[in-house]
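Shown here: entry20.cif, mmCIF, C-alpha atoms.
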data_protein
#
loop_
_atom_site.group_PDB
_atom_site.id
_atom_site.type_symbol
_atom_site.label_atom_id
_atom_site.label_comp_id
_atom_site.auth_asym_id
_atom_site.auth_seq_id
_atom_site.Cartn_x
_atom_site.Cartn_y
_atom_site.Cartn_z
ATOM 1 C CA ASP X 22 -23.099 127.527 7.658
ATOM 2 C CA ALA X 23 -22.899 131.292 7.409
ATOM 3 C CA LYS X 24 -22.102 132.549 3.927
ATOM 4 C CA THR X 25 -20.375 135.707 5.137
ATOM 5 C CA THR X 26 -17.037 136.706 6.660
ATOM 6 C CA GLN X 27 -16.719 139.569 9.141
ATOM 7 C CA PRO X 28 -13.892 140.820 11.356
ATOM 8 C CA PRO X 29 -14.413 139.618 14.933
ATOM 9 C CA SER X 30 -14.086 143.048 16.498
ATOM 10 C CA MET X 31 -13.731 146.756 15.744
ATOM 11 C CA ASP X 32 -13.467 149.985 17.703
ATOM 12 C CA CYS X 33 -14.809 153.373 16.674
ATOM 13 C CA ALA X 34 -14.637 156.768 18.359
ATOM 14 C CA GLU X 35 -17.919 158.287 19.461
ATOM 15 C CA GLY X 36 -19.265 160.735 16.901
ATOM 16 C CA ARG X 37 -17.272 159.244 14.041
ATOM 17 C CA ALA X 38 -18.630 157.067 11.268
ATOM 18 C CA ALA X 39 -18.414 153.341 11.953
ATOM 19 C CA ASN X 40 -17.737 151.278 8.824
ATOM 20 C CA LEU X 41 -18.346 147.562 9.221
ATOM 21 C CA PRO X 42 -17.167 145.341 6.346
ATOM 22 C CA CYS X 43 -18.627 142.037 5.224
ATOM 23 C CA ASN X 44 -17.408 139.612 2.581
ATOM 24 C CA HIS X 45 -19.921 137.419 0.765
ATOM 25 C CA SER X 46 -18.006 136.212 -2.275
ATOM 26 C CA THR X 47 -20.392 133.312 -3.010
ATOM 27 C CA ILE X 48 -23.569 135.387 -2.983
ATOM 28 C CA SER X 49 -26.046 134.409 -5.668
ATOM 29 C CA GLY X 50 -28.043 136.753 -7.860
ATOM 30 C CA ASN X 51 -31.264 136.581 -5.876
ATOM 31 C CA GLU X 52 -29.753 136.830 -2.405
ATOM 32 C CA TYR X 53 -30.051 139.998 -0.370
ATOM 33 C CA VAL X 54 -27.553 141.306 2.184
ATOM 34 C CA TYR X 55 -29.143 141.768 5.615
ATOM 35 C CA TRP X 56 -27.704 143.418 8.697
ATOM 36 C CA TYR X 57 -28.871 142.790 12.238
ATOM 37 C CA ARG X 58 -27.315 143.925 15.493
ATOM 38 C CA GLN X 59 -27.497 142.565 19.014
ATOM 39 C CA ILE X 60 -26.995 144.835 21.975
ATOM 40 C CA HIS X 61 -25.897 143.126 25.169
ATOM 41 C CA SER X 62 -28.682 141.121 26.856
ATOM 42 C CA GLN X 63 -31.145 141.856 24.064
ATOM 43 C CA GLY X 64 -32.388 139.973 21.042
ATOM 44 C CA PRO X 65 -31.109 140.822 17.559
ATOM 45 C CA GLN X 66 -32.558 143.894 15.868
ATOM 46 C CA TYR X 67 -33.003 144.396 12.127
ATOM 47 C CA ILE X 68 -31.014 147.305 10.686
ATOM 48 C CA ILE X 69 -31.170 147.309 6.898
ATOM 49 C CA HIS X 70 -31.032 145.114 3.825
ATOM 50 C CA GLY X 71 -30.298 145.518 0.115
ATOM 51 C CA LEU X 72 -29.828 143.653 -3.159
ATOM 52 C CA LYS X 73 -27.400 145.648 -5.262
ATOM 53 C CA ASN X 74 -28.190 149.319 -4.874
ATOM 54 C CA ASN X 75 -26.981 151.312 -1.910
ATOM 55 C CA GLU X 76 -29.614 151.681 0.770
ATOM 56 C CA THR X 77 -30.125 154.202 3.548
ATOM 57 C CA ASN X 78 -32.575 154.415 6.419
ATOM 58 C CA GLU X 79 -32.764 156.245 9.706
ATOM 59 C CA MET X 80 -30.302 153.866 11.337
ATOM 60 C CA ALA X 81 -27.606 153.240 8.762
ATOM 61 C CA SER X 82 -26.407 153.081 5.179
ATOM 62 C CA LEU X 83 -25.529 149.943 3.258
ATOM 63 C CA ILE X 84 -22.976 150.092 0.478
ATOM 64 C CA ILE X 85 -22.756 147.014 -1.775
ATOM 65 C CA THR X 86 -19.903 146.679 -4.255
ATOM 66 C CA GLU X 87 -20.730 146.421 -7.929
ATOM 67 C CA ASP X 88 -19.758 142.744 -8.061
ATOM 68 C CA ARG X 89 -21.822 142.180 -4.884
ATOM 69 C CA LYS X 90 -19.029 140.190 -3.263
ATOM 70 C CA SER X 91 -18.712 142.545 -0.326
ATOM 71 C CA SER X 92 -20.582 145.270 1.483
ATOM 72 C CA THR X 93 -20.130 147.885 4.194
ATOM 73 C CA LEU X 94 -22.571 148.946 6.851
ATOM 74 C CA ILE X 95 -22.095 152.580 7.821
ATOM 75 C CA LEU X 96 -23.311 154.113 11.078
ATOM 76 C CA PRO X 97 -22.780 157.801 10.247
ATOM 77 C CA HIS X 98 -22.383 159.249 13.742
ATOM 78 C CA ALA X 99 -21.722 156.439 16.187
ATOM 79 C CA THR X 100 -22.940 156.779 19.762
ATOM 80 C CA LEU X 101 -22.225 154.663 22.822
ATOM 81 C CA ARG X 102 -25.601 152.972 22.297
ATOM 82 C CA ASP X 103 -24.303 151.540 19.013
ATOM 83 C CA THR X 104 -21.959 149.233 20.915
ATOM 84 C CA ALA X 105 -23.191 145.791 19.881
ATOM 85 C CA VAL X 106 -22.491 142.678 17.819
ATOM 86 C CA TYR X 107 -23.323 143.281 14.167
ATOM 87 C CA TYR X 108 -24.334 140.371 11.941
ATOM 88 C CA CYS X 109 -24.158 140.358 8.149
ATOM 89 C CA ILE X 110 -26.414 137.700 6.587
ATOM 90 C CA VAL X 111 -27.192 136.800 2.988
ATOM 91 C CA ARG X 112 -30.510 135.231 2.072
ATOM 92 C CA VAL X 113 -33.290 135.404 -0.471
ATOM 93 C CA ASP X 114 -36.281 137.561 0.420
ATOM 94 C CA PHE X 115 -38.875 135.055 -0.668
ATOM 95 C CA GLY X 116 -39.712 131.502 0.323
ATOM 96 C CA ASN X 117 -38.777 130.127 3.665
ATOM 97 C CA GLU X 118 -35.014 130.521 3.826
ATOM 98 C CA LYS X 119 -33.951 130.984 7.416
ATOM 99 C CA LEU X 120 -31.683 133.616 8.920
ATOM 100 C CA THR X 121 -28.265 132.010 9.420
ATOM 101 C CA PHE X 122 -26.199 134.019 11.861
ATOM 102 C CA GLY X 123 -22.428 133.845 11.975
ATOM 103 C CA THR X 124 -20.371 135.170 14.863
ATOM 104 C CA GLY X 125 -20.601 138.782 13.686
ATOM 105 C CA THR X 126 -18.438 141.811 14.477
ATOM 106 C CA ARG X 127 -18.291 143.128 18.001
ATOM 107 C CA LEU X 128 -18.301 146.926 17.603
ATOM 108 C CA THR X 129 -17.163 148.980 20.576
ATOM 109 C CA ILE X 130 -17.750 152.720 20.552
ATOM 110 C CA ILE X 131 -15.040 154.534 22.472
ATOM 111 C CA PRO X 132 -16.015 157.742 24.354
ATOM 112 C CA GLU K 20 -46.851 148.348 19.647
ATOM 113 C CA ALA K 21 -45.814 145.765 22.216
ATOM 114 C CA GLY K 22 -42.804 143.660 21.326
ATOM 115 C CA VAL K 23 -42.174 139.945 21.642
ATOM 116 C CA ALA K 24 -42.528 138.876 25.263
ATOM 117 C CA GLN K 25 -40.626 135.995 26.814
ATOM 118 C CA SER K 26 -40.556 134.466 30.264
ATOM 119 C CA PRO K 27 -38.800 133.685 32.411
ATOM 120 C CA ARG K 28 -35.784 135.899 31.716
ATOM 121 C CA TYR K 29 -33.444 133.650 33.658
ATOM 122 C CA LYS K 30 -33.570 130.003 34.711
ATOM 123 C CA ILE K 31 -31.082 127.797 36.526
ATOM 124 C CA ILE K 32 -31.677 124.048 36.654
ATOM 125 C CA GLU K 33 -29.694 120.910 37.290
ATOM 126 C CA LYS K 34 -28.930 118.456 34.504
ATOM 127 C CA ARG K 35 -31.640 115.896 33.831
ATOM 128 C CA GLN K 36 -34.340 118.298 35.041
ATOM 129 C CA SER K 37 -36.973 119.696 32.713
ATOM 130 C CA VAL K 38 -37.658 123.328 31.840
ATOM 131 C CA ALA K 39 -40.166 125.277 29.769
ATOM 132 C CA PHE K 40 -39.990 128.692 28.152
ATOM 133 C CA TRP K 41 -42.902 130.819 27.037
ATOM 134 C CA CYS K 42 -43.206 133.276 24.180
ATOM 135 C CA ASN K 43 -45.943 135.723 23.236
ATOM 136 C CA PRO K 44 -45.352 137.126 19.740
ATOM 137 C CA ILE K 45 -46.374 140.492 18.364
ATOM 138 C CA SER K 46 -50.114 140.572 17.738
ATOM 139 C CA GLY K 47 -51.008 139.502 14.230
ATOM 140 C CA HIS K 48 -47.679 137.855 13.458
ATOM 141 C CA ALA K 49 -48.286 134.507 11.824
ATOM 142 C CA THR K 50 -44.732 133.219 11.959
ATOM 143 C CA LEU K 51 -42.903 132.381 15.166
ATOM 144 C CA TYR K 52 -39.316 131.232 15.608
ATOM 145 C CA TRP K 53 -37.269 129.761 18.444
ATOM 146 C CA TYR K 54 -33.502 130.244 18.360
ATOM 147 C CA GLN K 55 -30.722 128.938 20.582
ATOM 148 C CA GLN K 56 -27.724 131.198 21.182
ATOM 149 C CA ILE K 57 -24.705 129.654 22.851
ATOM 150 C CA LEU K 58 -22.231 132.093 24.396
ATOM 151 C CA GLY K 59 -19.956 133.618 21.779
ATOM 152 C CA GLN K 60 -22.021 132.382 18.838
ATOM 153 C CA GLY K 61 -24.813 133.779 16.722
ATOM 154 C CA PRO K 62 -28.387 132.561 17.181
ATOM 155 C CA LYS K 63 -29.276 129.200 15.618
ATOM 156 C CA LEU K 64 -32.814 128.440 14.488
ATOM 157 C CA LEU K 65 -34.407 125.538 16.350
ATOM 158 C CA ILE K 66 -37.969 125.610 15.037
ATOM 159 C CA GLN K 67 -40.275 127.767 12.936
ATOM 160 C CA PHE K 68 -44.069 127.857 13.113
ATOM 161 C CA GLN K 69 -46.492 129.253 10.577
ATOM 162 C CA ASN K 70 -49.675 129.832 12.573
ATOM 163 C CA ASN K 71 -49.900 126.600 14.588
ATOM 164 C CA GLY K 72 -48.080 124.377 12.100
ATOM 165 C CA VAL K 73 -44.380 123.502 12.086
ATOM 166 C CA VAL K 74 -42.533 124.749 8.993
ATOM 167 C CA ASP K 75 -38.954 123.829 9.890
ATOM 168 C CA ASP K 76 -37.705 121.836 12.869
ATOM 169 C CA SER K 77 -34.665 120.331 11.174
ATOM 170 C CA GLN K 78 -32.258 121.635 13.832
ATOM 171 C CA LEU K 79 -34.397 120.795 16.865
ATOM 172 C CA PRO K 80 -32.941 117.940 18.982
ATOM 173 C CA LYS K 81 -36.211 116.071 19.075
ATOM 174 C CA ASP K 82 -35.095 113.508 21.608
ATOM 175 C CA ARG K 83 -35.152 116.174 24.317
ATOM 176 C CA PHE K 84 -36.627 119.371 22.873
ATOM 177 C CA SER K 85 -40.266 119.945 22.029
ATOM 178 C CA ALA K 86 -42.270 122.999 21.073
ATOM 179 C CA GLU K 87 -45.873 123.826 20.451
ATOM 180 C CA ARG K 88 -47.921 126.796 19.372
ATOM 181 C CA LEU K 89 -51.467 126.126 20.326
ATOM 182 C CA LYS K 90 -54.099 128.347 18.674
ATOM 183 C CA GLY K 91 -51.379 129.943 16.572
ATOM 184 C CA VAL K 92 -50.455 132.610 19.102
ATOM 185 C CA ASP K 93 -48.330 131.848 22.197
ATOM 186 C CA SER K 94 -45.651 129.196 22.100
ATOM 187 C CA THR K 95 -43.753 127.081 24.595
ATOM 188 C CA LEU K 96 -40.375 125.407 24.185
ATOM 189 C CA LYS K 97 -39.557 122.526 26.502
ATOM 190 C CA ILE K 98 -36.359 120.671 27.283
ATOM 191 C CA GLN K 99 -36.576 117.304 28.990
ATOM 192 C CA PRO K 100 -34.133 116.155 30.264
ATOM 193 C CA ALA K 101 -31.672 119.049 30.157
ATOM 194 C CA LYS K 102 -27.970 118.566 29.503
ATOM 195 C CA LEU K 103 -25.057 120.818 30.378
ATOM 196 C CA GLU K 104 -24.641 121.763 26.718
ATOM 197 C CA ASP K 105 -28.164 123.200 26.677
ATOM 198 C CA SER K 106 -26.903 126.221 28.631
ATOM 199 C CA ALA K 107 -27.682 129.104 26.293
ATOM 200 C CA VAL K 108 -30.017 132.000 25.631
ATOM 201 C CA TYR K 109 -33.277 130.938 24.013
ATOM 202 C CA LEU K 110 -34.678 133.634 21.759
ATOM 203 C CA CYS K 111 -38.177 133.864 20.378
ATOM 204 C CA ALA K 112 -38.905 135.925 17.275
ATOM 205 C CA SER K 113 -41.992 136.640 15.214
ATOM 206 C CA SER K 114 -42.803 138.072 11.804
ATOM 207 C CA LEU K 115 -45.893 138.867 9.753
ATOM 208 C CA GLY K 116 -45.117 136.002 7.419
ATOM 209 C CA ALA K 117 -42.532 133.376 6.600
ATOM 210 C CA SER K 118 -41.100 135.105 3.548
ATOM 211 C CA GLY K 119 -37.733 136.743 3.879
ATOM 212 C CA ALA K 120 -39.403 139.995 2.880
ATOM 213 C CA TYR K 121 -40.772 140.238 6.423
ATOM 214 C CA GLU K 122 -38.613 141.534 9.235
ATOM 215 C CA GLN K 123 -38.137 139.274 12.243
ATOM 216 C CA TYR K 124 -38.676 140.874 15.646
ATOM 217 C CA PHE K 125 -36.843 139.274 18.551
ATOM 218 C CA GLY K 126 -37.711 139.046 22.209
ATOM 219 C CA PRO K 127 -35.169 139.620 24.998
ATOM 220 C CA GLY K 128 -34.506 135.904 25.435
ATOM 221 C CA THR K 129 -34.393 133.460 28.325
ATOM 222 C CA ARG K 130 -30.952 132.699 29.725
ATOM 223 C CA LEU K 131 -30.758 129.041 30.766
ATOM 224 C CA THR K 132 -27.973 127.728 32.956
ATOM 225 C CA VAL K 133 -27.740 123.970 33.435
ATOM 226 C CA THR K 134 -25.522 122.867 36.331
#

Take the structure in this file and express it as structure tokens.
Amino acid sequence: DAKTTQPPSMDCAEGRAANLPCNHSTISGNEYVYWYRQIHSQGPQYIIHGLKNNETNEMASLIITEDRKSSTLILPHATLRDTAVYYCIVRVDFGNEKLTFGTGTRLTIIP
Amino acid sequence: EAGVAQSPRYKIIEKRQSVAFWCNPISGHATLYWYQQILGQGPKLLIQFQNNGVVDDSQLPKDRFSAERLKGVDSTLKIQPAKLEDSAVYLCASSLGASGAYEQYFGPGTRLTVT
């Protein structure tokens, strides 16, 4: 079972920042927070992951609360191509633990 | 670099027929995964290979599903006989290694419809 809770859907205006929340209240100390997204008719795509510090890459920023029980994925300037289902996943980054996808958040960017 | 290739992209079969899907991972990737994604749900791992050995097939319905990865490169997933509930997108993914430190790269998937 997925260890995360996400809203089923969100809308965001084009050009604005999209903030996608994720709750993971049972996360353990060695588990990372991963984000993937899945654009329609494509396979999932890795976005970013982090342990406890905020992370940023060319696609997005990841903000993790100090208690690590929740996080927010930020797409700073959303475009229509960011319309997708976004999955928040917690897992360790060693060993063989599989990616367990929940139902994610369907983000729709509004022109 | 070329991504994960899958074929066919679409397949329609009748129940009780058999079907096979093919996956060619990114060159050099030792780990290969097959996922099943039912409409409205996230992908679910069916089987994981490390080179040509099976690492995890705990969620593979072995009475009807089989998979192989001969020579540790390409892989095929077979369903025989198919049931209506097998209608789904079958995704193949690959990574450099099995550790969670390695990013998984997904193919476009094969959409199976069983009638």

Residues of chain X within 8 Å of chain K, counting only C-alpha atoms, as a compact mmCIF listing (two decimals) with C-alpha atoms, in the coordinates of the input:
# COMPACT_ATOMS: atom_id res chain seq x y z
CA SER X 62 -28.68 141.12 26.86
CA GLN X 63 -31.14 141.86 24.06
CA GLY X 64 -32.39 139.97 21.04
CA PRO X 65 -31.11 140.82 17.56
CA GLN X 66 -32.56 143.89 15.87
CA TYR X 67 -33.00 144.40 12.13
CA ARG X 112 -30.51 135.23 2.07
CA VAL X 113 -33.29 135.40 -0.47
CA ASP X 114 -36.28 137.56 0.42
CA PHE X 115 -38.88 135.06 -0.67
CA GLY X 116 -39.71 131.50 0.32
CA ASN X 117 -38.78 130.13 3.66
CA GLU X 118 -35.01 130.52 3.83
CA LYS X 119 -33.95 130.98 7.42
CA LEU X 120 -31.68 133.62 8.92
CA THR X 121 -28.26 132.01 9.42
CA PHE X 122 -26.20 134.02 11.86
CA GLY X 123 -22.43 133.84 11.98
CA THR X 124 -20.37 135.17 14.86
CA GLY X 125 -20.60 138.78 13.69

- Message: Quick check on the file I pasted: which residues fall under the PyMOL selection byres ((chain X and resi 25) around 8)? Write them as an NGL selection string.
- Response: :X and (23-24 or 26-27 or 43-46 or 109-111 or 123)

- Mind telling me what the PyMOL selection byres ((chain K and resi 86-96) around 8) catches here, as a VMD selection string? chain K and resid 39 to 44 49 53 66 68 to 72 84 to 85 97 to 98

Using all atoms of range 29-43 of chain K that appear in the file, construct an axis-aligned enclosing box with 5 Å of padding on every side and provide its centre coordinates and edge lengths in Å, rounded to one decimal, as AutoDock Vina command-line options.
--center_x -37.4 --center_y 125.8 --center_z 30.3 --size_x 27.0 --size_y 29.8 --size_z 24.1

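CA of Thr100 in chain X sits 28.6 Å away from CA of Tyr54 in chain K.
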
- Query: Selected by the PyMOL selection byres ((chain X and resi 32-34) around 9) in the shown coordinates: which residues, as a ChimeraX atom specification?
  - Reply: /X:30-31,35-40,99-100,127-132

- Name the residues, using the chain letters and numbers of the file, that sit within 10 Å of (-27.5, 143.8, 1.4) when counting only C-alpha atoms, and give them as an MDAnalysis selection string. chainID X and resid 43 45 52:56 69:76 83:86 89 91:94 109:112

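The gap separating CA of His48 in chain K from CA of Ala101 in chain K is 29.8 Å, in Å to one decimal.
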
- Message: So the first atom is CA of Leu131 in chain K and the second is CA of Ile31 in chain K; what is the distance between them in Å, to one decimal place?
- Response: 5.9 Å

- Message: I need every residue sitting at most 8 Å from the point (-25.9, 123.1, 29.4) (coordinates as in the file, all atoms listed in the file considered), written as JSON, numbers by chain.
- Response: {"K": [34, 101, 102, 103, 104, 105, 106, 107, 131, 132, 133, 134]}
